Structures are given as structure tokens and as C-alpha cells.
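Heads up, the thing below is written out as C-alpha cells.
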Amino acid sequence: MTKFTVEGNLYRNGSFERGCLAIEQGKIVAIKKIFKEDTHLNVGASLILPAGIDLHVHFRDPGFPQKEDFSTGSTAAAFGGISCVFDMPNTQPQTISVQALTEKTHLVSKKSHVDFGLYAAVCDENIGRIADLSSLCAGFKIFLGNSTHSIRLSRQNLLVALGETNRTKKITLLHAEDEQCLKTHEGQAHTLVDHLRCRSAECEEIAIRDILQNSSGLSSPLHICHLSSCEGFELLRKRPSNISVGVTPHHLFFDVHRLNTKQPFYKVNPPIRSSFDRDTLWYGVNNNLIDIVESDHAPHTVEEKNVDFASAPSGVPGVETLYPLLLAAMKKGQITLDRLLALLCEKPAQLLKLPKGKIEVGRDADFIVVDMKKTQTITAEHLHSKCGWTPFEGFSALFPSMLFIRGEKVIDDHQILVKPGFGKRVGE
Ligand SMILES: [Zn+2]
């Protein structure tokens with residue numbers, strides 16, 4: 001691809017400056033004040049920011065095409081300014097074998113509009129075959145407690161499993177809710193408050209304590225997904241440097257007491273907790289104690305969700321609203337741009353060893369263009385996930401007007417400009 005330049009307000013080293021990016025063969029090759037190639041794009045007063053990376057999505061492909069597939073899920077990601085997603089293994093078939101991972105890679109390669117990586121699950125059955133899986137996956141996922149279509153690893157196998165994944169040097173992500181504890185509190189949940197009681201913070205606390213005990217001395221990255229409680233937060237406040245912590249937008253923007261508690265659409269694992277837990281997570285986000293914001297995009301159809309509370313599946317969509325919600329939060333002064341970019345771009349790139357996540361010479365030209373004056377209201381009808389609804393209906397958001405991935409314009413003026421299959425596999 002020939003060289004072209006993009007001019008706008010660049011955020012570098014803590015402040016905005018007018019500048020130009022020169023892009024060649026998908027990479028940023030120079031950043032200068034004035035720099036005009038024949039192909040020059042001036043984005044006016046809009047900001048040029050690194051594209052987001054979502055290290056936790058469930059695109060349901062293969063297996064659940066009524067909820068989502070990789071084409072629709074990656075379209076939603078692109079419209080939300082996400083250039084790269086990492087998909088969870090609880091698809092059908094589950095990605096727990098070399099064959100399933102190979103087949104899923106082929107399938108997804110033909111469908112994705114954004115760059116992607118695939119995780120393999122570590123469960124009781126495949127614990128001896130981790131090394132075989134590692135060349136095909138971006139990392140590993142361990143479910144310590146049951147969740148939607150999850151693949152569980154028993155507590156007694158955690159030490160061996162973490163030792164095995166540590167040897168691969170790849171990231172291991174953990175769903176930290178203890179199965180035994182969940183069983184103890186099991187019961188019919190008819191409201192969000194019941195659901196909270198059935199999946200108490202104690203279950204998160206026990207699982208995190210187990211992870212900390214069983215990972216001492218390990219050096220490869222371990223990531224605790226979707227932290228939800230202040231109890232869990234306290235345990236992780238002082239943690240080894242290889243352990244990172246993620247939170248989701250739904251745990252940051254909702255608390256159970258301000259929701260209609262009979263509403264199954266907000267049923268999610270781990271559950272939405274109290275305002276105290278929510279404020280603790282914001283404290284962590286703003287004080288460098290939480291590393292990542294991940295969507296845990298878990299689409300279910302309106303028909304599947306709109307049933308009695310006990311029968312409704314757990315999970316909410318969120319890949320398209322992740323970055324726009326946080327940009328709106330930044331505009332309101334809830335978070336600084338430095339923290340936002342660390343959480344959505346820099347740290348995920350570092351954990352997955354990607355040449356992305358920063359506007360810097362030598363990195364992939366993955367960036368968004370966003371006009372900070374154009375606050376929009378989120379409505380499901382303008383989103384692109386197949387599931388057709390959002391928990392953030394009516395929230396303020398700042399959607400990017402353009403997305404570039406590896407120097408290629410992917411989104412412009414509400415259009416997707418690349419074909420399915422444009423997205424490349426990363427993290428192998
Ligand atoms: Zn998940």
C-alpha cells in the first residue's frame with residue numbers, strides 16, 4: 001500500500017497537538033507537524049485516538065447463529081472503534097481441542113471485519129494437551145464456576161492447569177467464581193437481588209484467593225476477568241505484577257438498586273452488585289488498580305432474554321458501546337483520557353503482545369477519528385449486534401466517525417468499507 005497521511009488532533013505524551021500520521025503498508029511510519037502526501041486526509045477538529053482492543057467477547061460462532069456470528073459481532077466492534085477482539089471458547093463445538101480451534105480459525109478468518117484472536121479453554125479433560133493448543137490460540141480461558149455454556153475446570157486441577165499454561169508464556173484469563181460456593185448459595189432466582197444472593201461476592205473472593213495461592217512463582221500473564229465486588233478488589237489491591245484485572249462497562253455503569261430488579265435483561269455473571277461495589281470499581285479504574293475495561297459482550301436474543309427471570313440466560317451485549325461509553329464518561333470528567341487509553345488500548349496490546357494500542361511509529365495504523373462535540377444517545381436500532389438490544393439504551397456515548405485498521409479505512413460515515421475476512425488473526 002502506498003504512503004498516505006492523516007492530519008488532526010493527535011494525543012501524544014499527555015496532551016493534544018496538531019499533527020500528521022504517515023502510513024505505509026499498514027504501519028505508522030512517521031509523525032510530524034506538517035506532512036503532506038498526495039493522499040492526504042484532514043479530519044478537522046476531530047481527535048485521532050488509538051483504536052480500542054477488546055480482550056473479552058463472545059461472538060457465539062460457531063454454534064449460536066441466532067444470537068450473533070463473527071460477521072455481525074465484528075461489525076459491531078468496528079462501529080464501536082474496536083480494531084481487535086479476542087473471542088471466548090464457549091462456542092459449539094467448544095474450543096478445547098486442536099481440531100475445534102483449527103476449524104474455528106478457518107471459519108472466523110472468512111467472516112471477521114476486525115483483527116481477532118481466539119482463546120482455548122482449559123478444562124478437566126484437556127489439561128494434558130495445553131502445549132498442543134498453544135500454537136493455535138492467543139491465550140487460555142479458565143472457568144472456575146459455571147456460567148452460560150461454560151467449560152469448567154475443577155478447583156483441584158487449578159495448580160496443574162496454571163503451571164501448564166504458564167509454560168506457554170501466553171495469557172490465561174480466569175472467570176473467578178468458585179463452583180462450590182455457587183452451589184452452596186444455589187436457589188431459584190426471581191429478581192436481580194436473588195441472583196446476587198445466589199452468586200455472592202464470597203464466591204468471587206474464594207476463587208480469587210485460590211488463583212493467588214495457585215499462581216505464586218508463575219511469570220506469564222494471568223488476567224482476572226470482570227471483577228465485580230469490593231471484596232475481590234481488596235484481595236487484588238496488592239498483587240504480583242503478572243496478574244492483571246479487568247472490569248466491564250455493565251459493572252461500572254449499573255448498580256442493582258437502581259435497576260428494575262425483575263428485569264432479566266440485566267441478568268449477568270458475575271452479577272451487577274451494589275453502588276458501593278460499583279464505586280469501588282471506579283476507584284480502581286481511576287487509581288491504576290484496574291488494568292483493563294473489557295466488554296464481556298455476551299449476546300442473547302430478545303426472545304431468549306424476555307422470559308421469566310429464572311429461565312433467562314445470563315449475559316449482556318456491549319462490544320459496540322464499550323469505547324463510546326467511556327469517551328462520554330471522559331467528557332463528563334469521570335475518567336481521564338490517559339486512563340481511558342491505558343485501559344482500552346495500551347494494556348490490552350501489552351498483554352496480548354500486539355503491535356497496536358498506541359499512536360507511535362512502528363505500530364499498526366489502528367486508530368479512530370472522533371468529534372467530541374457529537375454526543376449521541378445509544379439506541380438498539382442503531383447498533384449492529386444481531387441480538388438487537390442493549391442494556392445501555394438511552395445512555396450518552398461518543399461514537400467514532402472513522403476507524404482505520406492497519407491503515408485501511410474500515411468505517412466511514414456510518415458505512416463499513418471492508419469485506420468479511422478483512423480481519424487478520426493475531427496472537428498466534
Ligand atoms: Zn465472558
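Going by the C-alpha cells order, chains are called A, B, ..., each with residues numbered from 1, while ligands are numbered from 1 in the order shown.
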With ligand 1 as the partner and 9 Å as the cut-off, tabulate the residues of chain A that qualify, each row holding the nearest pair of atoms and their distance in Å to one decimal, using only C-alpha atoms and all ligand atoms, sorted by chain and rising number, as CSV.
residue,atom,partner,partner_atom_place_in_ligand_line,distance
A:His56,CA,ligand 1,1 (Zn),6.2
A:Val57,CA,ligand 1,1 (Zn),6.4
A:His58,CA,ligand 1,1 (Zn),6.4
A:Asp87,CA,ligand 1,1 (Zn),8.9
A:Met88,CA,ligand 1,1 (Zn),6.8
A:Asn90,CA,ligand 1,1 (Zn),8.8
A:Ser147,CA,ligand 1,1 (Zn),8.6
A:Thr148,CA,ligand 1,1 (Zn),8.6
A:His175,CA,ligand 1,1 (Zn),7.6
A:Cys225,CA,ligand 1,1 (Zn),7.7
A:His226,CA,ligand 1,1 (Zn),7.9
A:Asn269,CA,ligand 1,1 (Zn),8.2
A:Ser295,CA,ligand 1,1 (Zn),8.3
A:Asp296,CA,ligand 1,1 (Zn),4.6
A:His297,CA,ligand 1,1 (Zn),7.0
A:Ala298,CA,ligand 1,1 (Zn),6.6
A:Gly315,CA,ligand 1,1 (Zn),8.0
Hey, can you spit out that residue selection with N, CA, C and O atoms as a CSV table (one decimal), in the first residue's frame?
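What landed in out_23.csv:
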chain,number,residue,atom,x,y,z
A,56,HIS,N,-12.2,-9.5,25.5
A,56,HIS,CA,-13.2,-10.4,26.1
A,56,HIS,C,-14.6,-10.3,25.4
A,56,HIS,O,-15.4,-9.5,25.7
A,57,VAL,N,-14.7,-11.1,24.3
A,57,VAL,CA,-16.0,-11.1,23.6
A,57,VAL,C,-16.5,-12.6,23.4
A,57,VAL,O,-15.7,-13.5,23.4
A,58,HIS,N,-17.8,-12.7,23.3
A,58,HIS,CA,-18.4,-14.0,23.0
A,58,HIS,C,-19.2,-13.8,21.7
A,58,HIS,O,-20.4,-13.3,21.7
A,87,ASP,N,-11.9,-13.7,21.2
A,87,ASP,CA,-13.1,-14.5,21.4
A,87,ASP,C,-13.0,-15.7,22.3
A,87,ASP,O,-12.0,-16.4,22.3
A,88,MET,N,-14.0,-15.8,23.2
A,88,MET,CA,-14.0,-16.8,24.2
A,88,MET,C,-14.3,-18.2,23.6
A,88,MET,O,-15.0,-18.3,22.6
A,90,ASN,N,-16.3,-20.7,24.7
A,90,ASN,CA,-17.6,-21.4,24.9
A,90,ASN,C,-18.6,-21.3,23.8
A,90,ASN,O,-19.7,-21.0,23.9
A,147,SER,N,-21.1,-20.9,34.2
A,147,SER,CA,-21.8,-19.7,33.6
A,147,SER,C,-22.4,-20.2,32.3
A,147,SER,O,-22.4,-21.4,32.0
A,148,THR,N,-22.9,-19.3,31.4
A,148,THR,CA,-23.5,-19.7,30.2
A,148,THR,C,-22.6,-20.5,29.3
A,148,THR,O,-21.5,-20.0,28.9
A,175,HIS,N,-12.3,-16.7,34.8
A,175,HIS,CA,-13.7,-16.4,35.4
A,175,HIS,C,-13.6,-16.8,36.8
A,175,HIS,O,-13.7,-18.0,37.2
A,225,CYS,N,-10.9,-11.8,34.9
A,225,CYS,CA,-11.9,-11.1,34.1
A,225,CYS,C,-13.0,-10.5,35.0
A,225,CYS,O,-13.2,-10.9,36.2
A,226,HIS,N,-13.7,-9.5,34.5
A,226,HIS,CA,-14.9,-8.9,35.1
A,226,HIS,C,-15.0,-8.9,36.6
A,226,HIS,O,-15.9,-9.5,37.2
A,269,ASN,N,-23.4,-12.8,34.7
A,269,ASN,CA,-22.4,-13.4,35.6
A,269,ASN,C,-21.0,-12.9,35.5
A,269,ASN,O,-20.6,-12.9,34.3
A,295,SER,N,-15.5,-5.8,27.4
A,295,SER,CA,-16.9,-5.7,27.3
A,295,SER,C,-17.6,-6.9,27.8
A,295,SER,O,-18.7,-6.9,28.3
A,296,ASP,N,-17.0,-8.1,27.8
A,296,ASP,CA,-17.7,-9.4,28.0
A,296,ASP,C,-19.0,-9.4,27.2
A,296,ASP,O,-20.0,-9.9,27.7
A,297,HIS,N,-18.9,-9.0,25.9
A,297,HIS,CA,-20.0,-9.0,25.0
A,297,HIS,C,-20.6,-10.4,24.9
A,297,HIS,O,-20.0,-11.3,24.4
A,298,ALA,N,-21.8,-10.5,25.5
A,298,ALA,CA,-22.4,-11.8,25.6
A,298,ALA,C,-23.9,-11.8,25.1
A,298,ALA,O,-24.8,-11.7,25.9
A,315,GLY,N,-26.0,-12.8,30.6
A,315,GLY,CA,-25.1,-12.1,29.7
A,315,GLY,C,-25.8,-10.9,29.0
A,315,GLY,O,-27.0,-10.9,28.8
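Taking only C-alpha atoms, the non-local environment of Leu344 in chain A within 9 Å (same-chain residues fewer than 4 positions away omitted) comprises Ala51, Gly52, Ile53, Asp54, Asp291, Ile292, Val293, Glu294, Leu322, Tyr323, Arg339, Leu340, Pro348, Ala349 and Gly357 of chain A.
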Requested in this report: Run DSSP on the backbone of this structure and report the residues of range 196-252 of chain A it assigns to strand (DSSP E or B), as a list of chain:residue names.
Outcome: A:Leu222, A:His223, A:Ile224, A:Ile243, A:Ser244, A:Val245, A:Gly246, A:Val247
Selection export as an mmCIF file, in the first residue's frame, atoms kept: C-alpha atoms:
data_model
loop_
_atom_site.group_PDB
_atom_site.id
_atom_site.type_symbol
_atom_site.label_atom_id
_atom_site.label_comp_id
_atom_site.auth_asym_id
_atom_site.auth_seq_id
_atom_site.Cartn_x
_atom_site.Cartn_y
_atom_site.Cartn_z
ATOM 1 C CA LEU A 222 -2.835 -14.028 34.329
ATOM 2 C CA HIS A 223 -5.954 -11.934 33.891
ATOM 3 C CA ILE A 224 -8.898 -11.868 36.288
ATOM 4 C CA ILE A 243 -1.712 -10.527 37.400
ATOM 5 C CA SER A 244 -3.996 -8.041 35.657
ATOM 6 C CA VAL A 245 -7.605 -7.209 36.447
ATOM 7 C CA GLY A 246 -10.492 -6.304 34.149
ATOM 8 C CA VAL A 247 -13.893 -4.720 34.719
#
**Report entry** One-decimal distance in Å that lies between CA of Phe86 in chain A and CA of Leu55 in chain A
**Finding:** 4.7 Å
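For Arg237 in chain A, the residues within 9 Å (counting only C-alpha atoms, excluding itself and residues fewer than 6 positions away along the chain) are A:Gly284, A:Leu289, A:Ile290.
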Report task. Can you pull out every residue within 6 Å of Met402 in chain A, counting only C-alpha atoms, but drop anything in the same chain fewer than 6 positions away, and send it as a PyMOL selection string? Result -> chain A and resi 368-369+411-412
Query raised in the report: Could you pull out the alpha helix (DSSP H) residues of range 55-258 of chain A from DSSP and send them as a PyMOL selection string?
Result: chain A and resi 70-79+98-109+130-134+158-168+179-184+192-198+201-214+230-236+249-253
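Nearest residue to Gly73 in chain A among A:Lys424, A:Lys111, A:Lys36, A:Lys332 is A:Lys111, counting only C-alpha atoms.
Relative to CA of Asn146 in chain A, CA of Gln180 in chain A is found at 10.0 Å.
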Requested in this report: With a distance cut-off of 10 Å and only C-alpha atoms, select the neighbouring residues of His384 in chain A, excluding the residue or stretch itself and same-chain residues fewer than 4 positions from it, and output the selection as a PyMOL selection string.
Outcome: chain A and resi 68+72-80+319-320+380+388-389
C-alpha atoms of the current selection, written as a compact mmCIF listing (two decimals), in the first residue's frame:
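The resulting out_8.txt:
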# COMPACT_ATOMS: atom_id res chain seq x y z
CA GLU A 68 -24.52 -13.50 16.88
CA THR A 72 -22.16 -9.27 12.87
CA GLY A 73 -20.12 -9.24 16.08
CA SER A 74 -17.06 -7.83 14.31
CA THR A 75 -19.21 -5.25 12.51
CA ALA A 76 -20.48 -4.08 15.92
CA ALA A 77 -16.88 -3.95 17.19
CA ALA A 78 -15.79 -1.82 14.19
CA PHE A 79 -18.62 0.71 14.65
CA GLY A 80 -17.56 0.99 18.28
CA VAL A 319 -18.65 -4.54 22.29
CA GLU A 320 -20.02 -1.60 20.27
CA ALA A 380 -30.52 -0.53 19.96
CA GLY A 388 -30.94 -6.41 18.68
CA TRP A 389 -30.91 -4.86 22.16
Report task. Just the residues within 8 Å of Asp255 in chain A, please, counting only C-alpha atoms, with nothing from its chain fewer than 3 positions along; format it as a VMD selection string. Result -> chain A and resid 251 258 to 259 272 to 275 278
Residue subset to file, keeping N, CA, C and O atoms, as an mmCIF file, in the first residue's frame:
data_model
loop_
_atom_site.group_PDB
_atom_site.id
_atom_site.type_symbol
_atom_site.label_atom_id
_atom_site.label_comp_id
_atom_site.auth_asym_id
_atom_site.auth_seq_id
_atom_site.Cartn_x
_atom_site.Cartn_y
_atom_site.Cartn_z
ATOM 1 N N HIS A 251 -20.676 -3.436 34.895
ATOM 2 C CA HIS A 251 -20.396 -3.342 36.333
ATOM 3 C C HIS A 251 -20.007 -1.913 36.736
ATOM 4 O O HIS A 251 -20.126 -1.544 37.903
ATOM 5 N N ARG A 258 -30.578 0.472 41.446
ATOM 6 C CA ARG A 258 -31.144 1.466 40.544
ATOM 7 C C ARG A 258 -31.752 0.817 39.297
ATOM 8 O O ARG A 258 -32.131 1.489 38.359
ATOM 9 N N LEU A 259 -31.818 -0.510 39.307
ATOM 10 C CA LEU A 259 -32.425 -1.208 38.170
ATOM 11 C C LEU A 259 -33.775 -1.770 38.590
ATOM 12 O O LEU A 259 -34.030 -1.976 39.780
ATOM 13 N N ILE A 272 -24.547 -7.895 38.625
ATOM 14 C CA ILE A 272 -24.424 -6.463 38.914
ATOM 15 C C ILE A 272 -24.693 -6.301 40.409
ATOM 16 O O ILE A 272 -25.685 -6.819 40.926
ATOM 17 N N ARG A 273 -23.770 -5.654 41.116
ATOM 18 C CA ARG A 273 -23.852 -5.593 42.586
ATOM 19 C C ARG A 273 -24.285 -4.211 43.068
ATOM 20 O O ARG A 273 -25.003 -3.496 42.373
ATOM 21 N N SER A 274 -23.851 -3.841 44.255
ATOM 22 C CA SER A 274 -24.342 -2.602 44.886
ATOM 23 C C SER A 274 -23.604 -1.370 44.360
ATOM 24 O O SER A 274 -22.567 -1.480 43.696
ATOM 25 N N SER A 275 -24.124 -0.195 44.728
ATOM 26 C CA SER A 275 -23.463 1.049 44.332
ATOM 27 C C SER A 275 -22.083 1.139 44.985
ATOM 28 O O SER A 275 -21.161 1.732 44.438
ATOM 29 N N ARG A 278 -19.828 -0.842 42.808
ATOM 30 C CA ARG A 278 -19.612 -0.078 41.580
ATOM 31 C C ARG A 278 -18.631 1.076 41.817
ATOM 32 O O ARG A 278 -17.696 1.289 41.039
#
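A straight line drawn from CA of Cys203 in chain A to CA of Ile130 in chain A is 26.8 Å long.
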Please list as a PDB file with C-alpha atoms, in the first residue's frame every residue within 12 Å of Asp413 in chain A, counting only C-alpha atoms and excluding residues in the same chain fewer than 4 positions away.
ATOM      1  CA  PHE A  79     -18.621   0.707  14.646  1.00  0.00           C
ATOM      2  CA  VAL A 369     -11.455   9.656  14.441  1.00  0.00           C
ATOM      3  CA  VAL A 370     -13.949  11.129  16.886  1.00  0.00           C
ATOM      4  CA  PHE A 399     -19.122   7.004  18.567  1.00  0.00           C
ATOM      5  CA  PRO A 400     -16.147   7.327  16.222  1.00  0.00           C
ATOM      6  CA  SER A 401     -16.852   8.691  12.746  1.00  0.00           C
ATOM      7  CA  MET A 402     -13.997   6.654  11.282  1.00  0.00           C
ATOM      8  CA  LEU A 403     -11.998   3.568  12.141  1.00  0.00           C
ATOM      9  CA  LYS A 409     -10.379   2.695   6.339  1.00  0.00           C
ATOM     10  CA  LEU A 417     -15.988  -0.378   3.949  1.00  0.00           C
TER      11      LEU A 417
END
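Distances to Glu231 in chain A were evaluated for A:Ile34, A:Leu47, A:Ala207, A:Val426 using only C-alpha atoms, and the minimum falls at A:Ala207.
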Query raised in the report: Which is closer to Ile359 in chain A than all the others in A:Ser314, A:Asn13, A:Gln213, A:Thr5, using only C-alpha atoms?
Result: A:Asn13
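Nearest-residue note for Pro299 in chain A: choosing from A:Glu179, A:Glu346, A:Glu234, A:Asp61, the minimum distance belongs to A:Asp61, counting only C-alpha atoms.
Of the residues under consideration (A:Thr184, A:Lys110, A:Pro249, A:Arg129), A:Lys110 shows the shortest atom-to-atom contact distance to Lys419 in chain A when counting only C-alpha atoms.
Among the candidate residues A:Cys20, A:Leu174, A:Val98, A:Val114, the one lying nearest to Leu136 in chain A is A:Val98, with distances computed using only C-alpha atoms.
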